[in-house]
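Colleague: Here you go, structure07.cif (mmCIF, C-alpha atoms):
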```
data_protein
#
loop_
_atom_site.group_PDB
_atom_site.id
_atom_site.type_symbol
_atom_site.label_atom_id
_atom_site.label_comp_id
_atom_site.auth_asym_id
_atom_site.auth_seq_id
_atom_site.Cartn_x
_atom_site.Cartn_y
_atom_site.Cartn_z
ATOM 1 C CA MET L 1 0.000 0.000 0.000
ATOM 2 C CA ARG L 2 0.992 3.567 -0.554
ATOM 3 C CA PHE L 3 1.190 5.743 2.536
ATOM 4 C CA THR L 4 1.803 9.413 3.135
ATOM 5 C CA ALA L 5 4.062 10.396 5.996
ATOM 6 C CA GLU L 6 4.439 13.773 7.611
ATOM 7 C CA VAL L 7 7.570 14.219 9.656
ATOM 8 C CA LYS L 8 8.020 17.064 12.110
ATOM 9 C CA VAL L 9 11.614 17.737 13.173
ATOM 10 C CA MET L 10 12.239 20.119 16.071
ATOM 11 C CA LEU L 11 15.241 21.050 18.173
ATOM 12 C CA LYS L 12 15.017 19.146 21.449
ATOM 13 C CA ASP L 13 13.717 20.936 24.522
ATOM 14 C CA GLY L 14 16.624 22.633 26.232
ATOM 15 C CA ILE L 15 18.580 23.160 23.001
ATOM 16 C CA SER L 16 18.672 26.869 22.307
ATOM 17 C CA ASP L 17 16.947 27.917 19.092
ATOM 18 C CA PRO L 18 18.498 31.113 17.707
ATOM 19 C CA GLN L 19 15.918 31.297 14.898
ATOM 20 C CA GLY L 20 13.007 31.097 17.311
ATOM 21 C CA GLN L 21 14.618 33.662 19.593
ATOM 22 C CA THR L 22 15.184 36.070 16.726
ATOM 23 C CA ILE L 23 11.579 35.791 15.571
ATOM 24 C CA GLU L 24 10.418 36.292 19.141
ATOM 25 C CA ARG L 25 12.448 39.474 19.447
ATOM 26 C CA ALA L 26 10.955 40.830 16.220
ATOM 27 C CA LEU L 27 7.342 40.397 17.289
ATOM 28 C CA PRO L 28 7.070 43.385 19.651
ATOM 29 C CA ALA L 29 8.288 45.636 16.832
ATOM 30 C CA LEU L 30 5.216 44.559 14.859
ATOM 31 C CA GLY L 31 2.943 45.375 17.739
ATOM 32 C CA TYR L 32 2.386 41.809 19.014
ATOM 33 C CA THR L 33 2.542 41.344 22.738
ATOM 34 C CA GLY L 34 2.122 38.258 24.856
ATOM 35 C CA VAL L 35 3.633 35.996 22.181
ATOM 36 C CA GLY L 36 6.587 33.879 23.224
ATOM 37 C CA GLU L 37 8.360 30.512 23.318
ATOM 38 C CA VAL L 38 8.816 30.553 19.538
ATOM 39 C CA ARG L 39 10.471 27.409 18.195
ATOM 40 C CA VAL L 40 11.385 26.799 14.560
ATOM 41 C CA GLY L 41 11.508 23.343 13.010
ATOM 42 C CA LYS L 42 11.061 21.476 9.747
ATOM 43 C CA ARG L 43 8.153 19.593 8.225
ATOM 44 C CA ILE L 44 9.014 16.904 5.707
ATOM 45 C CA GLU L 45 6.417 15.081 3.603
ATOM 46 C CA LEU L 46 7.027 11.842 1.802
ATOM 47 C CA LYS L 47 5.198 8.911 0.243
ATOM 48 C CA LEU L 48 6.224 5.295 0.628
ATOM 49 C CA ASP L 49 5.161 1.712 -0.018
ATOM 50 C CA ALA L 50 4.565 -0.418 3.058
ATOM 51 C CA GLU L 51 2.614 -3.466 4.219
ATOM 52 C CA ASP L 52 0.431 -1.504 6.605
ATOM 53 C CA ALA L 53 0.468 1.651 8.693
ATOM 54 C CA ASP L 54 2.685 0.125 11.398
ATOM 55 C CA ASP L 55 5.204 -0.973 8.798
ATOM 56 C CA ALA L 56 5.138 2.487 7.227
ATOM 57 C CA ARG L 57 5.723 4.100 10.609
ATOM 58 C CA ALA L 58 8.627 1.789 11.383
ATOM 59 C CA LYS L 59 10.257 2.578 8.044
ATOM 60 C CA VAL L 60 9.862 6.327 8.416
ATOM 61 C CA GLU L 61 11.124 6.301 11.998
ATOM 62 C CA ASP L 62 14.210 4.428 10.843
ATOM 63 C CA LEU L 63 14.667 7.040 8.109
ATOM 64 C CA CYS L 64 14.372 9.801 10.705
ATOM 65 C CA ASP L 65 16.927 8.178 12.994
ATOM 66 C CA ARG L 66 19.443 7.757 10.196
ATOM 67 C CA LEU L 67 18.954 10.890 8.107
ATOM 68 C CA LEU L 68 16.013 13.233 8.560
ATOM 69 C CA ALA L 69 16.836 14.200 12.150
ATOM 70 C CA ASN L 70 20.108 14.545 14.019
ATOM 71 C CA THR L 71 19.026 13.003 17.296
ATOM 72 C CA VAL L 72 21.920 14.620 19.163
ATOM 73 C CA ILE L 73 20.027 17.906 18.982
ATOM 74 C CA GLU L 74 16.693 17.170 17.287
ATOM 75 C CA SER L 75 13.547 15.169 18.045
ATOM 76 C CA PHE L 76 10.981 14.018 15.510
ATOM 77 C CA GLU L 77 7.316 13.060 15.257
ATOM 78 C CA VAL L 78 5.830 10.927 12.501
ATOM 79 C CA GLU L 79 2.251 10.915 11.245
ATOM 80 C CA ILE L 80 1.115 8.257 8.781
ATOM 81 C CA SER L 81 -1.989 8.498 6.628
ATOM 82 C CA MET J 1 65.345 2.424 6.082
ATOM 83 C CA THR J 2 67.625 5.012 4.621
ATOM 84 C CA SER J 3 65.132 7.862 4.563
ATOM 85 C CA LEU J 4 61.715 8.581 5.948
ATOM 86 C CA ALA J 5 58.869 8.322 3.493
ATOM 87 C CA THR J 6 56.984 11.526 2.741
ATOM 88 C CA PRO J 7 53.633 11.698 4.555
ATOM 89 C CA ARG J 8 50.727 11.192 2.180
ATOM 90 C CA VAL J 9 47.645 13.340 2.600
ATOM 91 C CA GLY J 10 44.319 12.550 0.919
ATOM 92 C CA VAL J 11 41.834 15.408 0.534
ATOM 93 C CA VAL J 12 38.238 14.340 -0.100
ATOM 94 C CA LEU J 13 36.359 16.341 -2.708
ATOM 95 C CA PHE J 14 32.586 16.405 -2.233
ATOM 96 C CA PRO J 15 30.252 18.202 -4.615
ATOM 97 C CA GLY J 16 30.195 21.616 -2.940
ATOM 98 C CA SER J 17 33.606 21.456 -1.242
ATOM 99 C CA ASN J 18 35.458 24.731 -1.732
ATOM 100 C CA CYS J 19 38.592 24.595 0.446
ATOM 101 C CA GLU J 20 40.193 21.502 -1.035
ATOM 102 C CA GLN J 21 42.781 23.424 -3.084
ATOM 103 C CA ASP J 22 43.803 25.453 -0.038
ATOM 104 C CA CYS J 23 44.386 22.204 1.867
ATOM 105 C CA VAL J 24 46.432 20.748 -0.978
ATOM 106 C CA ARG J 25 48.542 23.893 -1.329
ATOM 107 C CA SER J 26 49.281 24.212 2.367
ATOM 108 C CA PHE J 27 50.076 20.550 2.977
ATOM 109 C CA ARG J 28 52.357 20.490 -0.077
ATOM 110 C CA ALA J 29 54.149 23.617 1.093
ATOM 111 C CA LEU J 30 54.802 21.836 4.387
ATOM 112 C CA GLY J 31 56.342 18.887 2.595
ATOM 113 C CA ALA J 32 53.522 16.363 2.205
ATOM 114 C CA GLU J 33 52.428 14.518 -0.901
ATOM 115 C CA THR J 34 48.749 15.095 -1.581
ATOM 116 C CA GLU J 35 46.040 13.339 -3.495
ATOM 117 C CA MET J 36 42.504 14.498 -4.203
ATOM 118 C CA ILE J 37 39.879 11.827 -3.574
ATOM 119 C CA TRP J 38 36.443 12.037 -5.222
ATOM 120 C CA HIS J 39 33.629 11.401 -2.737
ATOM 121 C CA GLY J 40 32.118 8.753 -5.007
ATOM 122 C CA GLU J 41 35.113 6.427 -4.621
ATOM 123 C CA LYS J 42 34.548 3.374 -2.440
ATOM 124 C CA SER J 43 38.102 2.989 -1.190
ATOM 125 C CA LEU J 44 40.959 5.242 -0.125
ATOM 126 C CA PRO J 45 44.250 5.385 -1.973
ATOM 127 C CA ASP J 46 47.433 4.818 0.055
ATOM 128 C CA VAL J 47 47.246 7.835 2.369
ATOM 129 C CA ASP J 48 48.260 8.432 6.004
ATOM 130 C CA LEU J 49 45.900 11.324 6.701
ATOM 131 C CA VAL J 50 42.395 11.927 5.352
ATOM 132 C CA VAL J 51 41.243 15.551 5.224
ATOM 133 C CA LEU J 52 37.580 16.501 4.909
ATOM 134 C CA PRO J 53 37.803 20.108 3.700
ATOM 135 C CA GLY J 54 35.464 23.035 4.184
ATOM 136 C CA GLY J 55 32.654 24.078 1.891
ATOM 137 C CA PHE J 56 29.026 23.136 1.470
ATOM 138 C CA ALA J 57 29.064 19.426 0.670
ATOM 139 C CA HIS J 58 25.898 18.376 -1.151
ATOM 140 C CA GLY J 59 24.688 21.952 -0.730
ATOM 141 C CA ASP J 60 24.393 21.412 3.032
ATOM 142 C CA TYR J 61 20.791 20.429 2.268
ATOM 143 C CA LEU J 62 18.730 19.120 5.180
ATOM 144 C CA ARG J 63 21.584 19.847 7.648
ATOM 145 C CA THR J 64 25.266 20.592 7.251
ATOM 146 C CA GLY J 65 27.072 17.324 6.628
ATOM 147 C CA ALA J 66 23.882 15.249 6.786
ATOM 148 C CA LEU J 67 24.042 14.029 3.196
ATOM 149 C CA ALA J 68 27.835 14.005 2.882
ATOM 150 C CA ARG J 69 28.117 11.351 5.560
ATOM 151 C CA PHE J 70 26.410 8.952 3.142
ATOM 152 C CA SER J 71 28.855 9.620 0.299
ATOM 153 C CA PRO J 72 30.435 6.304 -0.782
ATOM 154 C CA ILE J 73 33.938 7.312 0.381
ATOM 155 C CA MET J 74 32.749 7.783 3.962
ATOM 156 C CA THR J 75 32.640 4.040 4.677
ATOM 157 C CA ALA J 76 36.334 3.865 3.852
ATOM 158 C CA VAL J 77 37.021 6.979 5.931
ATOM 159 C CA GLU J 78 35.228 5.358 8.889
ATOM 160 C CA GLU J 79 37.338 2.208 8.462
ATOM 161 C CA HIS J 80 40.508 4.312 8.251
ATOM 162 C CA ALA J 81 39.568 6.040 11.515
ATOM 163 C CA ALA J 82 38.548 2.793 13.201
ATOM 164 C CA GLY J 83 42.004 1.414 12.420
ATOM 165 C CA GLY J 84 43.639 4.384 14.159
ATOM 166 C CA GLY J 85 44.305 6.336 10.957
ATOM 167 C CA LEU J 86 44.383 10.123 11.222
ATOM 168 C CA VAL J 87 41.388 12.156 10.030
ATOM 169 C CA LEU J 88 41.152 15.954 10.013
ATOM 170 C CA GLY J 89 37.826 17.669 9.385
ATOM 171 C CA ILE J 90 37.898 21.419 8.834
ATOM 172 C CA CYS J 91 34.719 23.521 9.053
ATOM 173 C CA ASN J 92 32.191 21.637 6.879
ATOM 174 C CA GLY J 93 34.486 18.623 7.341
ATOM 175 C CA PHE J 94 33.998 18.918 11.117
ATOM 176 C CA GLN J 95 30.235 19.032 10.594
ATOM 177 C CA ILE J 96 30.416 15.905 8.423
ATOM 178 C CA LEU J 97 32.469 14.042 11.048
ATOM 179 C CA CYS J 98 29.855 14.835 13.705
ATOM 180 C CA GLU J 99 27.014 13.704 11.449
ATOM 181 C CA ALA J 100 28.941 10.505 10.684
ATOM 182 C CA GLY J 101 29.386 9.806 14.387
ATOM 183 C CA LEU J 102 33.188 9.939 14.143
ATOM 184 C CA LEU J 103 33.155 12.878 16.561
ATOM 185 C CA PRO J 104 30.760 13.542 19.436
ATOM 186 C CA GLY J 105 28.116 16.244 19.309
ATOM 187 C CA ALA J 106 26.598 18.406 16.609
ATOM 188 C CA LEU J 107 27.091 21.892 15.136
ATOM 189 C CA ARG J 108 24.170 24.275 15.587
ATOM 190 C CA LYS J 109 23.535 27.655 13.987
ATOM 191 C CA ASN J 110 25.684 30.409 15.448
ATOM 192 C CA VAL J 111 24.231 32.326 18.360
ATOM 193 C CA GLY J 112 23.223 35.649 16.820
ATOM 194 C CA LEU J 113 22.367 33.968 13.504
ATOM 195 C CA LYS J 114 25.235 35.591 11.650
ATOM 196 C CA PHE J 115 27.528 33.971 9.124
ATOM 197 C CA ILE J 116 30.894 34.857 10.643
ATOM 198 C CA CYS J 117 33.954 35.514 8.502
ATOM 199 C CA ALA J 118 36.695 36.804 10.786
ATOM 200 C CA TRP J 119 40.025 36.117 12.424
ATOM 201 C CA ALA J 120 39.809 34.095 15.612
ATOM 202 C CA GLU J 121 42.280 33.388 18.377
ATOM 203 C CA LEU J 122 42.523 29.764 19.451
ATOM 204 C CA ARG J 123 44.208 28.600 22.618
ATOM 205 C CA VAL J 124 45.883 25.203 22.430
ATOM 206 C CA GLU J 125 44.453 23.439 25.490
ATOM 207 C CA ASN J 126 46.065 20.105 24.772
ATOM 208 C CA ALA J 127 49.452 20.150 23.044
ATOM 209 C CA ASP J 128 49.872 16.427 23.486
ATOM 210 C CA THR J 129 47.820 15.288 20.486
ATOM 211 C CA ALA J 130 48.649 14.116 16.985
ATOM 212 C CA PHE J 131 47.378 17.478 15.715
ATOM 213 C CA THR J 132 49.007 19.901 18.151
ATOM 214 C CA ARG J 133 52.426 18.506 19.038
ATOM 215 C CA ARG J 134 54.207 21.491 17.460
ATOM 216 C CA ALA J 135 52.394 23.906 19.798
ATOM 217 C CA GLN J 136 53.265 24.970 23.303
ATOM 218 C CA PRO J 137 50.526 24.297 25.861
ATOM 219 C CA GLY J 138 48.403 27.442 26.071
ATOM 220 C CA GLN J 139 49.837 28.874 22.861
ATOM 221 C CA VAL J 140 47.394 31.175 21.077
ATOM 222 C CA LEU J 141 46.993 30.702 17.326
ATOM 223 C CA LYS J 142 45.519 33.231 14.916
ATOM 224 C CA VAL J 143 43.356 31.354 12.408
ATOM 225 C CA PRO J 144 40.329 32.510 10.390
ATOM 226 C CA ILE J 145 36.776 31.257 10.831
ATOM 227 C CA ASN J 146 34.156 31.230 8.113
ATOM 228 C CA HIS J 147 30.887 29.566 9.066
ATOM 229 C CA PHE J 148 27.206 29.786 9.946
ATOM 230 C CA GLU J 149 26.939 26.542 11.928
ATOM 231 C CA GLY J 150 29.876 26.425 14.331
ATOM 232 C CA ASN J 151 27.991 26.343 17.599
ATOM 233 C CA TRP J 152 29.100 22.958 18.913
ATOM 234 C CA TYR J 153 26.829 21.086 21.304
ATOM 235 C CA VAL J 154 27.115 17.828 23.183
ATOM 236 C CA ASP J 155 25.224 16.352 26.136
ATOM 237 C CA ASP J 156 26.568 17.086 29.633
ATOM 238 C CA GLU J 157 27.826 13.597 30.368
ATOM 239 C CA THR J 158 29.891 13.396 27.166
ATOM 240 C CA ARG J 159 31.072 16.950 27.662
ATOM 241 C CA GLU J 160 32.454 16.212 31.128
ATOM 242 C CA ARG J 161 34.213 13.103 29.890
ATOM 243 C CA MET J 162 35.730 14.988 26.946
ATOM 244 C CA VAL J 163 37.017 17.785 29.160
ATOM 245 C CA ALA J 164 38.585 15.243 31.540
ATOM 246 C CA ASN J 165 40.189 13.421 28.575
ATOM 247 C CA GLY J 166 41.629 16.609 27.074
ATOM 248 C CA GLN J 167 39.489 16.227 23.951
ATOM 249 C CA ILE J 168 38.633 19.946 23.853
ATOM 250 C CA VAL J 169 41.910 20.591 22.085
ATOM 251 C CA LEU J 170 41.357 24.156 20.862
ATOM 252 C CA ARG J 171 39.298 26.851 22.580
ATOM 253 C CA TYR J 172 38.331 30.303 21.296
ATOM 254 C CA THR J 173 39.767 33.058 23.484
ATOM 255 C CA ALA J 174 36.590 35.028 22.649
ATOM 256 C CA ASN J 175 33.680 32.724 21.802
ATOM 257 C CA PRO J 176 32.245 33.943 18.463
ATOM 258 C CA ASN J 177 29.368 31.490 17.973
ATOM 259 C CA GLY J 178 28.086 30.137 21.301
ATOM 260 C CA SER J 179 30.034 26.883 21.077
ATOM 261 C CA LEU J 180 29.918 24.838 24.281
ATOM 262 C CA GLU J 181 33.189 24.892 26.257
ATOM 263 C CA ASP J 182 34.320 27.648 23.844
ATOM 264 C CA ALA J 183 35.337 24.681 21.726
ATOM 265 C CA ALA J 184 36.945 25.448 18.362
ATOM 266 C CA GLY J 185 38.437 21.986 17.850
ATOM 267 C CA ILE J 186 37.784 18.585 19.418
ATOM 268 C CA THR J 187 39.070 15.042 19.068
ATOM 269 C CA ASN J 188 37.447 11.636 19.394
ATOM 270 C CA ASP J 189 38.218 9.267 22.288
ATOM 271 C CA GLY J 190 41.179 7.776 20.458
ATOM 272 C CA GLY J 191 42.676 11.160 19.603
ATOM 273 C CA ASN J 192 43.127 10.229 15.935
ATOM 274 C CA VAL J 193 40.198 12.280 14.589
ATOM 275 C CA LEU J 194 40.176 16.077 14.926
ATOM 276 C CA GLY J 195 37.379 18.383 13.882
ATOM 277 C CA MET J 196 37.817 22.141 13.954
ATOM 278 C CA MET J 197 35.738 25.049 12.672
ATOM 279 C CA PRO J 198 38.673 27.443 12.022
ATOM 280 C CA HIS J 199 40.667 27.086 8.790
ATOM 281 C CA PRO J 200 44.360 26.353 9.484
ATOM 282 C CA GLU J 201 44.942 25.736 5.760
ATOM 283 C CA ARG J 202 44.177 29.418 5.110
ATOM 284 C CA ALA J 203 46.767 30.611 7.620
ATOM 285 C CA CYS J 204 50.002 29.000 6.481
ATOM 286 C CA GLU J 205 51.597 31.944 4.685
ATOM 287 C CA ALA J 206 52.583 35.338 6.094
ATOM 288 C CA LEU J 207 51.046 36.993 3.040
ATOM 289 C CA LEU J 208 47.649 35.726 4.172
ATOM 290 C CA GLY J 209 47.984 37.344 7.574
ATOM 291 C CA SER J 210 49.077 34.402 9.704
ATOM 292 C CA GLU J 211 51.258 31.333 9.574
ATOM 293 C CA ASP J 212 49.801 29.842 12.739
ATOM 294 C CA GLY J 213 47.743 27.277 10.828
ATOM 295 C CA ALA J 214 51.009 25.547 9.985
ATOM 296 C CA VAL J 215 51.327 24.625 13.663
ATOM 297 C CA ILE J 216 48.297 22.351 13.247
ATOM 298 C CA LEU J 217 49.039 20.983 9.783
ATOM 299 C CA GLY J 218 52.741 20.617 10.571
ATOM 300 C CA SER J 219 51.943 18.760 13.789
ATOM 301 C CA VAL J 220 50.082 16.105 11.824
ATOM 302 C CA LEU J 221 53.020 15.697 9.457
ATOM 303 C CA ASP J 222 55.386 15.404 12.421
ATOM 304 C CA THR J 223 53.126 12.715 13.869
ATOM 305 C CA LEU J 224 53.156 10.812 10.592
ATOM 306 C CA GLY J 225 56.919 11.156 10.324
ATOM 307 C CA LEU J 226 57.303 9.779 13.824
ATOM 308 C CA SER J 227 54.976 6.874 13.211
ATOM 309 C CA SER J 228 56.750 5.927 9.989
ATOM 310 C CA ALA J 229 60.098 6.221 11.763
ATOM 311 C CA THR J 230 59.008 3.939 14.575
ATOM 312 C CA SER J 231 56.991 1.434 12.596
ATOM 313 C CA GLY J 232 59.268 1.330 9.582
ATOM 314 C CA VAL J 233 56.250 0.434 7.490
ATOM 315 C CA ARG J 234 56.714 3.249 5.046
#
```
Please re-express this file's structure in structure tokens.
Modeller:
Amino acid sequence: MRFTAEVKVMLKDGISDPQGQTIERALPALGYTGVGEVRVGKRIELKLDAEDADDARAKVEDLCDRLLANTVIESFEVEIS
Amino acid sequence: MTSLATPRVGVVLFPGSNCEQDCVRSFRALGAETEMIWHGEKSLPDVDLVVLPGGFAHGDYLRTGALARFSPIMTAVEEHAAGGGLVLGICNGFQILCEAGLLPGALRKNVGLKFICAWAELRVENADTAFTRRAQPGQVLKVPINHFEGNWYVDDETRERMVANGQIVLRYTANPNGSLEDAAGITNDGGNVLGMMPHPERACEALLGSEDGAVILGSVLDTLGLSSATSGVR
């Protein structure tokens, strides 16, 4: 079967995120207040062949571990549909 | 043996590398033989030191070094390192070595989100390595930096072990990028793999503003000369 996977890659909690911080600092200049804890990550979409949804998830998680995320500093979430 | 063999340096060329000629020029000027190695090769030629040069291998797509670590040559580089062979990763090469797991940690975007192109001062914290034996302990070297992702990170446990082992070999005297431990250059457990963000190959001629990079590159050649003298293999 053909599955669609959405992968969300974020810097781990506790790892400073200079991009998020920079965006956060820009917001008051645009008149936004009360907005904070900005974190920037990546969303990766892909399609793959797999036996079933569990198989698809296992394959994509393996892909994330090996390539799509650097697990020293990043975490990932996988959604299969 | 009647004479010592000339150290042989292999410089890996990835699509997107841009410091490989600087490495070749500087190592040759210091007396080494050099060979360029295309990243698509599956085995290394007969070399004593493998250099992963700076640049933007594979466009740095996804993450710096993330795709380069899967270049065919990298399996041979990993085997070379596993056998105790010397590996030097400079700038993008350092990032590739971290992605490949040959060095601990990862390189994040610089604090301040600026691409930094500037001179940096590096203090030699450990002069008893294959890459720093020409330096005096505490000697300060003037070497340029040229990067956007030089902000080294590693978990606390590994960090403490590396500090205790003297693996934080080079520290910035003024941290330009947020790097943990002010680290500019680190080695692996075995001390045979060094990654550094600054570019020693660009600081080997007075005309370029500094010859201090030759302390690093020359140290490696000294190490290779010593090992060939003691082993008599080459």
Colleague: Where does the PyMOL selection byres ((chain L) within 12 of (chain J)) land in this file, that is, which residues does it pick, as a list in words?
Modeller: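 Applied to this file, the PyMOL selection byres ((chain L) within 12 of (chain J)) returns Val9, Leu11, Lys12, Gly14, Ile15, Ser16, Asp17, Pro18, Gln19, Gly20, Gln21, Thr22, Ile23, Arg25, Gly41, Lys42, Arg43, Ile44, Cys64, Asp65, Arg66, Leu67, Leu68, Ala69, Asn70, Thr71, Val72, Ile73 and Glu74 of chain L.
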Colleague: Could you jot down the CA of Thr6 (chain J) to CA of Arg123 (chain J) separation for me, Å, one decimal place?
Modeller: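 That distance, rounded to one decimal, is 29.2 Å.
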Colleague: Considering all atoms listed in the file, return as a ChimeraX atom specification whatever protein or nucleic-acid residues lie within 12 Å of Val215 (chain J), sequence-local ones (same chain, fewer than 5 positions apart) excluded.
Modeller: /J:26-27,30,122,124,127,130-136,139-143,199-201,203-205,210,220-222
Colleague: Would you compute the distance between CA of Pro15 (chain J) and CA of Glu149 (chain J)? Give it in Å to one decimal.
Modeller: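 Atom-to-atom, CA of Pro15 (chain J) and CA of Glu149 (chain J) are spaced 18.8 Å apart.
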Colleague: Residues picked by the PyMOL selection byres ((chain L and resi 79) around 7) here, as a PyMOL selection string?
Modeller: chain L and resi 5-7+77-78+80-81
Colleague: Can you give me, as a ChimeraX atom specification, the residues this file yields under the PyMOL selection byres ((chain J and resi 85-97) around 6)?
Modeller: /J:49-55,65,69,80-81,83-84,98-100,102-103,192-197
Colleague: What gap, in Å, lies between CA of Gly178 (chain J) and CA of His147 (chain J)?
Modeller: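 Value for the CA of Gly178 (chain J)-CA of His147 (chain J) distance: 12.6 Å.
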Colleague: If you take every atom of region 141-147 of chain J that the file lists and fit an axis-aligned box around them with 4 Å extra on each side, what centre and edge lengths come out in Å to one decimal, as JSON?
Modeller:
```
{"center_x": 38.9, "center_y": 31.4, "center_z": 12.7, "size_x": 24.1, "size_y": 11.7, "size_z": 17.2}
```
Colleague: Just checking: using only C-alpha atoms, which residue out of J:Cys23, J:Ile145, J:Leu180, J:Val11 ends up closest to Glu160 (chain J)?
Modeller: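 That would be J:Leu180, the residue with the smallest distance to Glu160 (chain J).
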Colleague: Excluding Ala183 (chain J) and any residue of its chain fewer than 3 positions from it, enumerate the residues within 8 Å of it, using all atoms listed in the file, and give them as a count of residues only.
Modeller: 9
